[in-house]
Amino acid sequence: MTERQIDRIIEMAWEDRTTFDAIQFQFGLKEQEVIELMRKEMKPSSFRMWRKRVQGRATKHQAKRPFEKGRFKCTRQRNISNNKVSKR
């Protein structure tokens, strides 16, 4: 997996409305694999904060969402282009 893909997965995992199903659809990673990636790529304190935030959040699980339709990305999110922009 490229650094850019890892950055995007982390960004999607932090977004409230992006489900684990959306991440699996786009990158083929199951929820447990996303958790392992986050644990590996983030500082321990940031990972704990993310896990606390995500656990029990209905919007992160497609089956628990109270609404039928949603977007994979926020309307405020920029489109990914071929520009070399790294957050690291």
# chains A, B, ... in the order shown; residues from 1 in each chain; ligands from 1
>>> residues_around(residues="A:Glu41", least_positions_apart="2", cutoff="12 Å", atoms="only C-alpha atoms", output="ChimeraX atom specification")
/A:3,6-7,9-11,34-39,43-47,88
>>> write_last_selection(atoms="N, CA and C atoms", output="CSV table (one decimal), in the first residue's frame")
chain,number,residue,atom,x,y,z
A,3,GLU,N,2.0,5.3,0.5
A,3,GLU,CA,1.9,6.3,1.6
A,3,GLU,C,0.6,7.1,1.4
A,6,ILE,N,-2.4,5.0,2.5
A,6,ILE,CA,-2.5,5.0,3.9
A,6,ILE,C,-3.0,6.3,4.5
A,7,ASP,N,-2.5,7.4,4.0
A,7,ASP,CA,-3.0,8.7,4.4
A,7,ASP,C,-4.5,8.8,4.2
A,9,ILE,N,-6.8,6.3,4.0
A,9,ILE,CA,-7.5,5.4,4.9
A,9,ILE,C,-7.6,6.0,6.3
A,10,ILE,N,-6.5,6.6,6.7
A,10,ILE,CA,-6.5,7.3,8.1
A,10,ILE,C,-7.4,8.4,8.1
A,11,GLU,N,-7.4,9.2,7.0
A,11,GLU,CA,-8.4,10.4,6.9
A,11,GLU,C,-9.8,9.9,6.9
A,34,VAL,N,-8.3,-2.1,9.4
A,34,VAL,CA,-8.2,-0.7,9.6
A,34,VAL,C,-7.7,-0.3,11.0
A,35,ILE,N,-8.2,-1.0,12.0
A,35,ILE,CA,-7.8,-0.8,13.4
A,35,ILE,C,-6.3,-1.1,13.5
A,36,GLU,N,-5.8,-2.2,12.9
A,36,GLU,CA,-4.4,-2.5,13.0
A,36,GLU,C,-3.6,-1.5,12.3
A,37,LEU,N,-4.0,-1.0,11.1
A,37,LEU,CA,-3.3,0.0,10.4
A,37,LEU,C,-3.2,1.3,11.2
A,38,MET,N,-4.3,1.7,11.8
A,38,MET,CA,-4.3,2.9,12.6
A,38,MET,C,-3.3,2.7,13.8
A,39,ARG,N,-3.3,1.6,14.4
A,39,ARG,CA,-2.5,1.3,15.6
A,39,ARG,C,-1.0,1.4,15.1
A,43,LYS,N,0.5,7.6,16.6
A,43,LYS,CA,1.1,7.6,17.9
A,43,LYS,C,0.1,6.9,18.9
A,44,PRO,N,0.7,6.3,19.9
A,44,PRO,CA,-0.2,5.6,20.8
A,44,PRO,C,-1.4,6.4,21.4
A,45,SER,N,-1.0,7.7,21.8
A,45,SER,CA,-2.1,8.5,22.3
A,45,SER,C,-3.1,8.9,21.3
A,46,SER,N,-2.7,9.1,20.1
A,46,SER,CA,-3.7,9.4,19.0
A,46,SER,C,-4.6,8.2,18.7
A,47,PHE,N,-4.0,7.0,18.7
A,47,PHE,CA,-4.7,5.8,18.4
A,47,PHE,C,-5.8,5.6,19.5
A,88,ARG,N,2.7,14.1,6.1
A,88,ARG,CA,3.7,13.6,7.0
A,88,ARG,C,5.0,14.5,6.9
>>> residues_around(residues="A:Gln26", least_positions_apart="5", cutoff="12 Å", atoms="only C-alpha atoms", output="ChimeraX atom specification")
/A:5,8-9,12,18-21,72-73
>>> write_last_selection(atoms="N, CA, C and O atoms", output="short mmCIF file (atom, residue, chain, number, x, y, z; two decimals), in the first residue's frame")
data_model
loop_
_atom_site.label_atom_id
_atom_site.label_comp_id
_atom_site.auth_asym_id
_atom_site.auth_seq_id
_atom_site.Cartn_x
_atom_site.Cartn_y
_atom_site.Cartn_z
N GLN A 5 -2.21 6.14 -0.09
CA GLN A 5 -3.38 5.33 0.25
C GLN A 5 -3.53 5.21 1.76
O GLN A 5 -4.65 5.29 2.28
N ARG A 8 -4.99 8.34 3.09
CA ARG A 8 -6.42 8.44 2.78
C ARG A 8 -7.24 7.54 3.69
O ARG A 8 -8.31 7.94 4.16
N ILE A 9 -6.75 6.35 3.97
CA ILE A 9 -7.46 5.44 4.88
C ILE A 9 -7.55 6.05 6.26
O ILE A 9 -8.61 6.03 6.90
N MET A 12 -10.12 8.81 6.19
CA MET A 12 -11.47 8.27 6.14
C MET A 12 -11.87 7.69 7.50
O MET A 12 -13.03 7.82 7.92
N THR A 18 -17.94 8.50 7.39
CA THR A 18 -17.38 7.47 6.52
C THR A 18 -17.39 6.15 7.25
O THR A 18 -16.76 6.00 8.29
N THR A 19 -18.11 5.18 6.72
CA THR A 19 -18.24 3.89 7.38
C THR A 19 -17.03 3.00 7.09
O THR A 19 -16.30 3.21 6.13
N PHE A 20 -16.88 1.98 7.93
CA PHE A 20 -15.85 0.98 7.68
C PHE A 20 -16.16 0.23 6.38
O PHE A 20 -15.25 -0.23 5.68
N ASP A 21 -17.45 0.12 6.06
CA ASP A 21 -17.84 -0.52 4.80
C ASP A 21 -17.32 0.26 3.60
O ASP A 21 -16.92 -0.32 2.59
N PHE A 72 -19.62 8.89 0.86
CA PHE A 72 -18.35 8.34 1.30
C PHE A 72 -17.42 9.46 1.77
O PHE A 72 -16.50 9.22 2.50
N LYS A 73 -17.65 10.67 1.30
CA LYS A 73 -16.78 11.77 1.69
C LYS A 73 -17.59 13.01 2.00
O LYS A 73 -18.70 13.18 1.51
#
>>> atom_distance(atom1="atom CA of A:Thr2", atom2="atom CA of A:Arg53")
26.1 Å
>>> atom_distance(atom1="atom CA of A:Lys52", atom2="atom CA of A:Glu33")
17.2 Å
>>> atom_distance(atom1="atom CA of A:Arg4", atom2="atom CA of A:Gly56")
28.1 Å
>>> closest_residue(among="A:Leu29, A:Ala22, A:Gln55, A:Ala13", to="A:Met42", atoms="only C-alpha atoms")
A:Ala13
